[in-house]
Each structure stands twice: as C-alpha cells, then as structure tokens.
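Participant: my_file13.cif (mmCIF, C-alpha atoms) pasted underneath:
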```cif
data_run
loop_
_atom_site.label_atom_id
_atom_site.label_comp_id
_atom_site.auth_asym_id
_atom_site.auth_seq_id
_atom_site.Cartn_x
_atom_site.Cartn_y
_atom_site.Cartn_z
CA MET A 1 195.79 100.24 83.06
CA ASP A 2 199.32 99.75 84.26
CA LEU A 3 202.41 101.86 83.75
CA SER A 4 204.48 101.39 80.59
CA LEU A 5 208.03 102.65 80.22
CA THR A 6 210.34 102.68 77.21
CA THR A 7 213.62 104.51 76.81
CA ARG A 8 215.69 105.47 73.81
CA GLN A 9 218.78 107.51 73.16
CA GLU A 10 218.63 110.77 71.17
CA GLY A 11 222.15 112.21 70.94
CA ASN A 12 223.26 112.86 74.51
CA HIS A 13 219.66 112.77 75.74
CA THR A 14 217.65 109.85 77.00
CA VAL A 15 213.98 109.95 76.13
CA VAL A 16 211.70 108.15 78.58
CA VAL A 17 208.26 107.47 77.12
CA VAL A 18 205.72 106.95 79.91
CA GLY A 19 202.24 105.55 79.36
CA GLY A 20 199.31 104.61 81.56
CA GLU A 21 198.73 105.54 85.18
CA ILE A 22 201.34 107.00 87.52
CA ASP A 23 199.97 106.64 91.01
CA VAL A 24 201.02 105.52 94.47
CA TYR A 25 201.05 101.93 93.20
CA THR A 26 203.03 102.33 89.95
CA ALA A 27 205.22 105.34 90.81
CA PRO A 28 208.01 103.16 92.32
CA LYS A 29 208.54 101.63 88.87
CA LEU A 30 209.11 105.05 87.32
CA ARG A 31 211.34 106.03 90.24
CA GLU A 32 213.53 102.96 89.71
CA GLN A 33 213.80 103.71 86.00
CA LEU A 34 214.94 107.29 86.65
CA ILE A 35 217.40 106.18 89.33
CA ASP A 36 218.83 103.51 86.99
CA LEU A 37 219.29 106.03 84.19
CA VAL A 38 221.09 108.53 86.43
CA SER A 39 223.29 105.83 87.99
CA GLY A 40 224.10 104.71 84.43
CA GLY A 41 225.35 108.19 83.58
CA SER A 42 222.30 109.57 81.75
CA TYR A 43 221.98 113.08 83.12
CA HIS A 44 219.89 114.68 80.37
CA LEU A 45 216.40 113.26 80.41
CA VAL A 46 213.29 114.02 78.40
CA VAL A 47 210.18 112.44 79.90
CA ASP A 48 207.39 112.10 77.37
CA MET A 49 204.08 112.24 79.26
CA GLU A 50 201.78 112.24 76.25
CA GLY A 51 200.63 108.69 76.93
CA VAL A 52 200.00 109.29 80.63
CA GLU A 53 196.37 108.81 81.52
CA PHE A 54 196.61 109.59 85.19
CA LEU A 55 199.12 111.37 87.44
CA ASP A 56 198.89 111.99 91.17
CA SER A 57 201.09 113.69 93.77
CA THR A 58 203.17 110.51 94.19
CA GLY A 59 204.03 110.74 90.49
CA LEU A 60 204.90 114.41 90.92
CA GLY A 61 207.17 113.41 93.80
CA VAL A 62 208.99 110.89 91.61
CA LEU A 63 209.50 113.47 88.83
CA VAL A 64 210.81 116.01 91.34
CA GLY A 65 213.11 113.30 92.76
CA GLY A 66 214.40 112.63 89.25
CA LEU A 67 215.00 116.32 88.66
CA LYS A 68 216.96 116.56 91.91
CA ARG A 69 219.11 113.61 90.87
CA VAL A 70 220.01 114.95 87.41
CA ARG A 71 220.64 118.41 88.80
CA ALA A 72 223.17 116.93 91.20
CA HIS A 73 225.10 116.05 87.99
CA GLU A 74 224.40 119.37 86.28
CA GLY A 75 221.88 117.54 84.13
CA SER A 76 218.36 118.35 83.01
CA LEU A 77 214.90 116.82 83.09
CA ARG A 78 212.40 118.13 80.57
CA LEU A 79 208.80 117.09 80.22
CA VAL A 80 206.76 116.68 77.06
CA CYS A 81 203.06 117.19 77.68
CA THR A 82 200.15 118.81 75.87
CA GLN A 83 197.31 117.13 77.78
CA GLU A 84 195.30 119.74 79.61
CA ARG A 85 194.29 117.48 82.51
CA ILE A 86 197.94 116.66 83.24
CA LEU A 87 199.19 120.23 82.72
CA LYS A 88 196.54 121.40 85.18
CA ILE A 89 198.16 119.35 87.95
CA PHE A 90 201.54 120.99 87.31
CA ARG A 91 199.84 124.41 87.35
CA ILE A 92 197.91 123.82 90.58
CA THR A 93 201.10 122.76 92.36
CA GLY A 94 203.21 125.53 90.86
CA LEU A 95 205.58 122.95 89.41
CA THR A 96 205.42 124.64 86.00
CA LYS A 97 208.06 126.90 87.55
CA VAL A 98 210.32 123.94 88.24
CA PHE A 99 209.94 121.78 85.12
CA PRO A 100 210.49 122.96 81.57
CA ILE A 101 207.39 121.63 79.76
CA HIS A 102 207.44 121.19 75.98
CA SER A 103 204.85 120.30 73.36
CA SER A 104 207.03 117.76 71.53
CA ILE A 105 210.16 115.68 72.00
CA GLU A 106 211.80 117.62 69.17
CA GLU A 107 211.08 120.90 70.92
CA ALA A 108 212.47 119.56 74.20
CA LEU A 109 215.66 118.34 72.53
CA ALA A 110 216.11 121.61 70.63
CA ALA A 111 215.64 123.63 73.85
CA SER A 112 218.30 121.58 75.55
CA GLU A 113 220.97 122.23 72.91
CA MET B 1 172.44 107.05 103.06
CA PRO B 2 175.42 107.25 100.68
CA THR B 3 174.95 106.29 97.04
CA VAL B 4 177.97 103.99 97.28
CA GLU B 5 180.03 103.14 100.32
CA LEU B 6 183.43 101.47 100.37
CA ARG B 7 185.72 100.21 103.08
CA PHE B 8 189.18 98.98 102.13
CA ALA B 9 192.34 97.74 103.87
CA ALA B 10 195.05 100.40 104.08
CA LEU B 11 197.07 99.20 101.09
CA ASN B 12 198.36 101.33 98.20
CA GLY B 13 196.98 98.90 95.64
CA HIS B 14 193.43 99.58 96.81
CA VAL B 15 193.70 103.30 96.14
CA ARG B 16 193.25 102.39 92.50
CA THR B 17 190.17 100.35 93.37
CA ALA B 18 188.67 103.39 95.08
CA ARG B 19 189.55 105.54 92.06
CA MET B 20 187.86 103.14 89.66
CA ILE B 21 184.74 103.00 91.78
CA ALA B 22 184.58 106.79 92.14
CA THR B 23 185.04 107.14 88.37
CA ALA B 24 182.26 104.66 87.68
CA VAL B 25 179.87 106.28 90.16
CA SER B 26 180.58 109.81 88.89
CA ARG B 27 180.06 108.64 85.31
CA ARG B 28 176.77 107.06 86.25
CA ALA B 29 175.79 110.27 88.02
CA GLY B 30 176.44 112.13 84.76
CA VAL B 31 178.91 114.69 86.13
CA PRO B 32 180.59 116.86 83.45
CA ALA B 33 183.84 115.48 82.00
CA GLY B 34 186.03 118.15 83.63
CA ALA B 35 184.59 117.44 87.06
CA ALA B 36 184.99 113.71 86.48
CA ASP B 37 188.76 114.21 86.03
CA GLU B 38 188.90 116.29 89.22
CA ILE B 39 186.94 113.66 91.13
CA LYS B 40 189.30 110.94 89.94
CA LEU B 41 192.40 112.77 91.11
CA ALA B 42 190.92 114.14 94.33
CA VAL B 43 189.63 110.75 95.51
CA THR B 44 193.05 109.26 94.73
CA GLU B 45 194.85 111.91 96.77
CA ALA B 46 192.42 111.62 99.68
CA CYS B 47 192.63 107.82 99.73
CA ALA B 48 196.43 107.72 99.33
CA ARG B 49 196.70 110.13 102.24
CA ALA B 50 194.31 108.05 104.36
CA VAL B 51 196.30 104.88 103.57
CA ARG B 52 199.54 106.58 104.68
CA VAL B 53 197.94 107.85 107.88
CA ASN B 54 196.37 104.48 108.75
CA ARG B 55 199.56 102.57 108.01
CA ARG B 56 201.43 104.85 110.38
CA HIS B 57 199.02 104.69 113.31
CA SER B 58 196.46 102.01 112.77
CA PRO B 59 197.53 99.63 109.99
CA ASP B 60 194.72 97.17 110.60
CA SER B 61 192.00 99.78 110.30
CA PRO B 62 190.26 100.23 106.97
CA VAL B 63 189.83 103.44 105.01
CA HIS B 64 186.22 104.44 104.63
CA VAL B 65 184.88 106.15 101.50
CA ALA B 66 181.33 107.35 100.89
CA LEU B 67 180.11 108.74 97.58
CA VAL B 68 176.88 110.70 97.58
CA ASP B 69 175.19 111.86 94.42
CA THR B 70 172.38 114.43 94.53
CA PRO B 71 170.88 116.30 91.56
CA ASP B 72 173.11 119.33 92.22
CA THR B 73 176.17 117.97 93.98
CA PHE B 74 178.58 115.09 94.08
CA THR B 75 180.22 114.53 97.45
CA ILE B 76 183.00 112.16 98.45
CA THR B 77 183.95 111.64 102.08
CA VAL B 78 187.17 109.83 102.99
CA VAL B 79 187.81 108.90 106.62
CA ASP B 80 191.05 107.57 108.09
CA CYS B 81 191.72 106.10 111.53
CA GLY B 82 194.93 107.90 112.37
CA ARG B 83 195.60 110.77 114.73
CA ALA B 84 193.21 113.64 114.17
CA GLY B 85 194.84 116.23 111.95
CA ASP B 86 197.68 113.99 110.74
CA GLU B 87 198.97 115.14 107.35
CA VAL B 88 196.88 118.25 107.44
CA ALA B 89 198.75 121.53 107.05
CA PRO B 90 196.35 124.28 108.10
CA GLY B 91 196.94 127.78 106.81
CA PRO B 92 196.93 130.89 109.00
CA ASP B 93 193.34 131.65 108.00
CA GLY B 94 192.21 128.22 109.09
CA GLY B 95 191.92 127.04 105.50
CA LEU B 96 194.38 124.78 103.76
CA VAL B 97 197.79 125.87 102.62
CA THR B 98 198.07 125.97 98.84
CA ALA B 99 200.41 123.60 97.04
CA SER B 100 202.76 126.32 95.85
CA THR B 101 203.08 127.68 99.40
CA LEU B 102 203.76 124.19 100.74
CA LEU B 103 206.39 123.70 98.08
CA ASP B 104 207.70 127.17 98.83
CA LEU B 105 207.49 128.11 95.17
CA GLU B 106 206.23 131.61 95.83
CA PRO B 107 207.98 133.95 95.94
CA GLU B 108 210.41 132.59 93.38
CA ALA B 109 212.55 130.36 95.53
CA ALA B 110 215.47 128.99 93.55
CA ASP B 111 215.88 126.11 95.96
CA PRO B 112 212.87 125.48 98.18
CA PRO B 113 213.63 123.66 101.45
CA TRP B 114 212.20 120.31 100.30
CA TRP B 115 214.49 120.59 97.32
CA SER B 116 217.74 120.29 99.26
CA ASP B 117 216.60 117.02 100.77
CA THR B 118 218.88 115.02 98.50
CA SER B 119 218.87 111.77 100.39
CA ASP B 120 219.85 109.05 97.97
CA ASP B 121 218.27 106.47 100.18
CA ASP B 122 216.35 104.52 97.62
CA SER B 123 214.29 102.77 100.24
CA ALA B 124 212.79 106.12 101.17
CA GLU B 125 209.63 107.21 99.45
CA ASP B 126 210.46 109.79 96.82
CA SER B 127 207.44 111.71 97.95
CA ALA B 128 209.29 112.13 101.24
CA GLY B 129 210.95 115.05 99.49
CA PHE B 130 207.47 116.52 99.41
CA PRO B 131 205.90 118.15 102.42
CA PRO B 132 203.08 116.21 104.06
CA GLY B 133 199.83 117.88 103.14
CA LEU B 134 200.60 118.12 99.43
CA GLY B 135 197.82 115.68 98.63
CA LEU B 136 195.32 117.89 100.45
CA ALA B 137 196.73 120.99 98.81
CA LEU B 138 196.14 119.38 95.44
CA ILE B 139 192.60 118.53 96.54
CA GLU B 140 192.06 122.15 97.55
CA GLY B 141 192.97 123.15 94.01
CA LEU B 142 190.61 120.64 92.45
CA VAL B 143 187.47 120.58 94.53
CA ASP B 144 184.69 123.17 94.74
CA GLU B 145 184.30 122.76 98.50
CA VAL B 146 186.63 120.93 100.89
CA GLU B 147 185.89 120.42 104.53
CA ILE B 148 188.42 118.84 106.87
CA SER B 149 187.16 117.79 110.28
CA ARG B 150 187.93 115.45 113.12
CA GLY B 151 186.65 111.95 112.90
CA PRO B 152 184.05 110.54 115.27
CA ASP B 153 185.33 110.15 118.86
CA GLY B 154 188.38 112.25 118.00
CA VAL B 155 189.90 109.46 115.95
CA GLY B 156 191.13 110.21 112.45
CA THR B 157 190.32 112.90 109.96
CA VAL B 158 187.31 113.34 107.69
CA VAL B 159 187.97 114.85 104.27
CA ALA B 160 184.70 115.85 102.62
CA MET B 161 184.86 117.03 99.01
CA THR B 162 181.89 118.46 97.15
CA TRP B 163 181.48 119.37 93.50
CA HIS B 164 178.59 121.50 92.30
CA THR B 165 177.54 119.48 89.33
CA GLY B 166 174.01 120.75 88.91
CA VAL B 167 173.22 123.12 86.05
CA GLU B 168 171.50 125.46 88.53
CA ALA B 169 174.50 125.57 90.84
CA ALA B 170 177.58 127.68 90.20
CA PRO B 171 179.49 126.19 87.27
CA TYR B 172 182.47 124.21 88.42
CA LYS B 173 185.89 125.60 87.71
CA THR B 174 187.13 124.55 84.29
CA ALA B 175 190.71 125.61 84.72
CA ARG B 176 192.91 127.29 87.25
#
```
For this file, write the structure as structure tokens.

Facilitator:
Amino acid sequence: MDLSLTTRQEGNHTVVVVGGEIDVYTAPKLREQLIDLVSGGSYHLVVDMEGVEFLDSTGLGVLVGGLKRVRAHEGSLRLVCTQERILKIFRITGLTKVFPIHSSIEEALAASE
Amino acid sequence: MPTVELRFAALNGHVRTARMIATAVSRRAGVPAGAADEIKLAVTEACARAVRVNRRHSPDSPVHVALVDTPDTFTITVVDCGRAGDEVAPGPDGGLVTASTLLDLEPEAADPPWWSDTSDDDSAEDSAGFPPGLGLALIEGLVDEVEISRGPDGVGTVVAMTWHTGVEAAPYKTAR
C-alpha cells in the first residue's frame, strides 16, 4: 500500500487528504507536498489522516516540519483523525500537545475560524 | 533458533519488507490485534533506526532481524552494525528517555529546542528536526519489554523487543 495524496481548497484552508502508509519510504512525498503548499502561499492546512493505515516517527517528523513551516507564516496545521491506533502514536510522543486534532474536517475548519 | 530470520541491505525501502514479514509472522502466531499493531510499528522504528545507523557507519552491512514466537511471548531482535550505542539516548536511570522528554514537551515548553531548528534546507531529512532516539522512545512506549545491548564483539546495537502475548502472562497494554 503506497501513499495517496489529494488536496482541495475550502475557503482560505487547504485540505490535504492522506491515505495509505506514511513511513521512511513514503514520507518524502508528503514532505514535498507540504513544502509546495507553503511555498505556494497556503498557510492554513488541514491534514485528513482518516485514510492513513500506518504512521511512523518519520511521518511524525514530516508533520512537525509542516507545522514549523506554516507557523513561520502565522499559519496553522490541524489534523483530522479518529483512528485509535494513529492517535495512540501522537499520545505516546506527547504530540497531542502540539497538534490540534479534530474528529472531522468540518470541525477542524470551524475551529480555525 | 528463531521462528523467522531476515537479513536485509540497509535501504529505507526494505524497512517495509521487514514490516510486512513481521506482520505476517505475528498474524500466524495469533497475537492479539492490539499487539499486532504495536509489533508493526515497533519493528518499523527499530529497522528504520538500524538502517540509518548502518548507512552512517557501515553502509554495506545488512540489518539483521529475528522473530521468535513462543506460546507466551513474541520477541523481535533487530541488530545493526554501527557504533555501539549510536542513536540510543539513555535516561538517567539507565532506561530509555521517553518521547515527550526527548521532544522536551514536559513541562509545557512553548518552543522546544528541536522546534527552533527551522532550516529550510529541503535536502535535509525532516526528521532531522527530531532528536535521535525518538524511534527508540516510541518503541519504549509500545513494547512490553525492551532491552538495548551492545552487539557481538562491541559492534552495533541489539534492540530486543518482547510482547507478552500468552493468556497466562500479564495482559499487554491496550492503551497508554
């Protein structure tokens, strides 16, 4: 299972829908996508992780890198995730304190208003 | 004699191979679903770490993985060929530092040190913003028992991870 990425615009937010496995092999693809968005002026990102089947520390690193980039432009990076096995990884690493995590894209967009 | 043994070239692409094999072996061993998820992530972190270490110090050496299934336990050992103790961040008590300590997230640090590392060098690994040892810290949070030791002849590091999968043994952690 490879990584799939699609993006769409929702008002002044860009929603990035991620599917498949984010690991040391596929993480560079996600990193490039986030870098491209920020270089293109998208500073408010919502990353939908509902279709993610696997996430490792490399993937966490890429998300943190993305957050750093948008913050440099006073932007935001919100995550959408309800999968327990993925949420557990954010809890173990303490990254729930760093990323706002929402249960739906609508909720993430509303929280960002 | 391990149930399954694997030796792979230190390439990122093969970490996935190791993950798939570990998943298949754990499934065959009948470990509970929660432990199977932990095994999948822990073997990935251990192998990704071993690949990094080997590529740095001994790129031609393979990473060695052994999976051992007994009625009560499931053990995975990952051995690299780097410098002993590379990418291991030992805590003051001799155990491993937890992820949130490594990331300096406790106490509430608004901007942990790794955070300010805002190099926009796209050639750099994004994980470079993460302290080395994060993979092991994640493992520590996932595995029932972790033992880190020096490799044979002082070369490399051995990461041994054991899950208590037997009904008689202590139930594995469901959530943390």

Participant: Using only C-alpha atoms, determine which residues lie at most 12 Å from Glu10 of chain A, disregarding the query and same-chain residues fewer than 2 positions distant; provide the list as a ChimeraX atom specification.

Facilitator: /A:7-8,12-16,42,44-46,105-106,108-110,112-113

Participant: Counting all atoms listed in the file, a student should be able to say which residues of chain A come within 12 Å of chain B; what is the right answer, written as an MDAnalysis selection string?

Facilitator: chainID A and resid 1:2 21:36 38:39 53:72 84:98

Participant: When distances are computed from only C-alpha atoms, which of A:Val52, A:Leu37, A:Leu3, A:Val47 shows the smallest separation from His102 of chain A?

Facilitator: A:Val47

Participant: Neighbouring residues of Gly151 of chain B were defined as those with any atom within 8 Å, considering only C-alpha atoms; residues of the same chain fewer than 5 positions away were excluded. Please report them as a PyMOL selection string.

Facilitator: chain B and resi 79-81+84+156-158

Participant: May I ask which of the residues B:Ala9, B:Ile21, B:Ala29, B:Met161 is the closest one to Val78 of chain B, counting only C-alpha atoms?

Facilitator: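 Nearest to Val78 of chain B: B:Met161.
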
Participant: Write out as a PyMOL selection string the residues lying within 12 Å of Val155 of chain B, counting all atoms listed in the file and excluding same-chain residues fewer than 5 positions away.

Facilitator: chain B and resi 53-54+57-58+61+79-86+149-150

Participant: Could you work out how far atom CA of Trp163 of chain B lies from atom CA of Ala36 of chain B, giving the answer in Å with one decimal?

Facilitator: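 Answer for the atom CA of Ala36 of chain B to atom CA of Trp163 of chain B separation: 9.7 Å.
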
Participant: Please return, as a list of chain:residue names, all polymer residues that have at least one atom within 8 Å of the point (177.7, 109.5, 100.8); use only C-alpha atoms and the file's own coordinate frame.

Facilitator: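 Output: B:Met1, B:Pro2, B:Thr3, B:Val4, B:Glu5, B:Val65, B:Ala66, B:Leu67, B:Val68, B:Asp69, B:Thr75, B:Ile76, B:Thr77.
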
Participant: Calculate how many Å separate atom CA of Cys81 of chain A from atom CA of Asp48 of chain A, rounding to one decimal.

Facilitator: 6.7 Å
